[in-house]
Every structure is written in structure tokens, then in C-alpha cells.
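Heads up: the structure comes next, in C-alpha cells.
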Amino acid sequence: MRLKTFLLLTIALGLHVSCSADKRSPAADLPIAVHPSIHTRATETAFEQGDKIGVTIKLDGEATAYKTNAELTHNGSYFVSQEIKWYSEDVASTFEAYHPFDENYSKSFSVVQDQSTTGYYESDLLLAYAENVKPNVNGVSLTFVHCMSRLIVRIDNQSQHDISAVRIRNTRGDVTVNPSLKTATVKVFSNTIEISAQKIDSDIFRAILAPQEAAIEIEIENELGTTVTKTFKTISMSGGESYTANVTVSDDFDISDYQITSDGQIEGWEDGGDLTGE
């Protein structure tokens, strides 16, 4: 009788070990590869080698995240880190990802005020979210979307002097991020800021703004340091939408005509509304 009981226990233990082994993912302990899908980045290209994203992974049914704001780097083909590996269990999880990476990220984000150079790209917040993700030796595919608004300033310069700078005022730059909805909501009590736009041609400038309702003020400066400013009518700007401000500068360096219209020329950015001067 004792031998029979021992055999039954041995068989039961073997079955338990076998079932436990079956639940172990074949991707266990492999580095997590994130294959990004994106319509168009603010650079008007895809992700580039060296770009970094932050990823938070939450296993279904677990109160504590498996990984929080883990840093993954683009290797020319996908995002990966040899230190960030799949969990061993063959269970589903949720992935939250964002770009650009910030080691202090806590579901809030701020545009860079000086966007004249790299600050423009650093302000282009992209979010991705996926549920029911299981460990996979081939990695995971995530689709990133634009969450901020873009403003392009096109100047018909009829003066005798080149335009040297464009500054955008009366907008707020801080947002709260909702990963599951892939949206960014402006912090309405934050301070308004001044943004130095990036020059992409002799009379074309651009900037990334937080989505919000605002009466945008645009200041144009020429090579002599002379400035002229106009305020546009209040407009509600949405995330992922692009707007173009068309401004005519007269020969005596005054703004004679100005309006903002929707811009659908760049794939990946949705058309925005119209914005005219007061």
C-alpha cells in the first residue's frame, strides 16, 4: 500500500513539474525587441539608430509592474536592451511606450522652449500602447502616434532683410499623459511659455506645441534685430494635428496679412483647423 501511494505521489509530482514547464515561455530570458510602427515622426523620417524609448510592462493580474520606464535603444532595426528581458511565465501583459526617453518620466511631459535645433525633435511626444502581449522570440510590434500639435510658420517676406528668428508665445507647454488612450492633455494651470521655432528654410519655421486652446502670438525678427508681433484668434489645437501660419511681412517690416490654415501635406499628421488674426 505504501509503495502504491509513493508511486501515485511520484506520478502526480511529475505531472505538476511537466505542467509547470509547459507554462514557461520559449522566449523566457531573451531580450525584448520592440519593432516600432510609425506614420511619420517630427523629423519626417522613421526612428533612427540611437533613438531611445521608455517602456513599462504590466503582467495581467499583477499589482506591481514587471518593468517601469525601462530604457530601450534603437539599433538601426528595432528597440532593444540586453538587460531588459522577457519574463518567464507564458502570460499576457500590457506594454506602455513613449518617445523621447526621459529617466524622470512619470506620465507627464513638457515641450522644449528652445526648439531652434534639437529641441524640436525632443518635443515630439510619441505614445504606443498594447494589451494581451505575450513573450515572443520575435519581439513585439508597437504603433506610435503623435500626441502633440505642430505649427509651421510660412513667411512671405517682402522686406529687404532676411528673417532670422520666429518666437511663439501664449501657449502652455506641460501635459499629462494617458498611455492607454495615447493622448496628452495640457495642464491648464501651468505657465505660458515662449518657444523659439526651428528654421527649416529662409522663410519657413516650425515648432511643436502642446494640444490646447490658445490665442497664439507670433513674433518675427529680422537680421537687424527688428521685431514685429501679431496675435491670432483663439483656436483649439488637437494632438496629432498640424497647422500652418501664413504671414506676409511688408517692405517696411510690418505684418500686412496673416492666417493659420490646416496642413495635410505631411503623412502621419492629421489636418487641423483654421486660425486667423484678430
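Quick note on naming: the chains in the C-alpha cells go A, B, ... in the order shown, residues restart at 1 in each chain, and ligands are numbered from 1 in order of appearance.
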Got a sec to tell me which of region 80-256 of chain A DSSP assigns to strand (DSSP E or B), as a ChimeraX atom specification?
/A:80,85,89,93-99,108-110,114,126-133,140-146,149-157,163-172,174-178,183-186,192-196,198-201,204-209,213-214,217-222,227-232,235-236,241-249,255-256
Just want the 9 Å neighbourhood of region 196-212 of chain A, counted on only C-alpha atoms, with same-chain residues fewer than 3 positions away dropped. Output as a PyMOL selection string.
chain A and resi 42+110-121+123-124+147-157+162-168+171-175+184-186+188+235-241+244
Once DSSP has gone over the backbone, tell me which residues of region 43-272 of chain A are in alpha helix (DSSP H), as a PyMOL selection string.
chain A and resi 119-122
Using only all heavy atoms, please write the residues we just selected to a file, as a PDB file, in the first residue's frame.
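So part38.pdb came out as:
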```pdb
ATOM      1  N   GLY A 119      15.811  70.755 -29.863  1.00  0.00           N
ATOM      2  CA  GLY A 119      14.636  70.868 -29.015  1.00  0.00           C
ATOM      3  C   GLY A 119      13.336  70.575 -29.747  1.00  0.00           C
ATOM      4  O   GLY A 119      12.357  70.138 -29.143  1.00  0.00           O
ATOM      5  N   TYR A 120      13.328  70.799 -31.061  1.00  0.00           N
ATOM      6  CA  TYR A 120      12.136  70.488 -31.869  1.00  0.00           C
ATOM      7  C   TYR A 120      11.849  68.993 -31.821  1.00  0.00           C
ATOM      8  O   TYR A 120      10.721  68.565 -31.559  1.00  0.00           O
ATOM      9  CB  TYR A 120      12.341  70.958 -33.303  1.00  0.00           C
ATOM     10  CG  TYR A 120      11.228  70.540 -34.248  1.00  0.00           C
ATOM     11  CD1 TYR A 120      10.032  71.258 -34.302  1.00  0.00           C
ATOM     12  CD2 TYR A 120      11.377  69.424 -35.066  1.00  0.00           C
ATOM     13  CE1 TYR A 120       9.008  70.871 -35.157  1.00  0.00           C
ATOM     14  CE2 TYR A 120      10.356  69.037 -35.917  1.00  0.00           C
ATOM     15  CZ  TYR A 120       9.180  69.756 -35.966  1.00  0.00           C
ATOM     16  OH  TYR A 120       8.166  69.367 -36.805  1.00  0.00           O
ATOM     17  N   TYR A 121      12.870  68.166 -32.051  1.00  0.00           N
ATOM     18  CA  TYR A 121      12.686  66.717 -32.056  1.00  0.00           C
ATOM     19  C   TYR A 121      12.400  66.188 -30.653  1.00  0.00           C
ATOM     20  O   TYR A 121      11.636  65.242 -30.486  1.00  0.00           O
ATOM     21  CB  TYR A 121      13.951  66.052 -32.622  1.00  0.00           C
ATOM     22  CG  TYR A 121      14.411  66.661 -33.916  1.00  0.00           C
ATOM     23  CD1 TYR A 121      15.614  67.365 -33.984  1.00  0.00           C
ATOM     24  CD2 TYR A 121      13.637  66.583 -35.069  1.00  0.00           C
ATOM     25  CE1 TYR A 121      16.038  67.950 -35.165  1.00  0.00           C
ATOM     26  CE2 TYR A 121      14.048  67.163 -36.253  1.00  0.00           C
ATOM     27  CZ  TYR A 121      15.245  67.843 -36.291  1.00  0.00           C
ATOM     28  OH  TYR A 121      15.653  68.430 -37.451  1.00  0.00           O
ATOM     29  N   GLU A 122      12.998  66.805 -29.662  1.00  0.00           N
ATOM     30  CA  GLU A 122      12.801  66.378 -28.275  1.00  0.00           C
ATOM     31  C   GLU A 122      11.395  66.707 -27.766  1.00  0.00           C
ATOM     32  O   GLU A 122      10.990  66.200 -26.720  1.00  0.00           O
ATOM     33  CB  GLU A 122      13.848  67.038 -27.381  1.00  0.00           C
ATOM     34  CG  GLU A 122      15.275  66.604 -27.686  1.00  0.00           C
ATOM     35  CD  GLU A 122      16.320  67.496 -27.042  1.00  0.00           C
ATOM     36  OE1 GLU A 122      15.926  68.485 -26.377  1.00  0.00           O
ATOM     37  OE2 GLU A 122      17.528  67.231 -27.209  1.00  0.00           O
TER      38      GLU A 122
END
```
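Comparing A:Pro179, A:Gly61, A:Gly225, A:Gly139 by their smallest distance to Pro36 (chain A), the closest is A:Gly139 (using only C-alpha atoms).
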Please measure the separation of CA of Leu224 (chain A) and CA of Gln259 (chain A), giving the value in Å to one decimal.
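It comes out at 25.0 Å.
For the pair CA of Thr226 (chain A) and CA of Asn170 (chain A), the separation is 20.5 Å.
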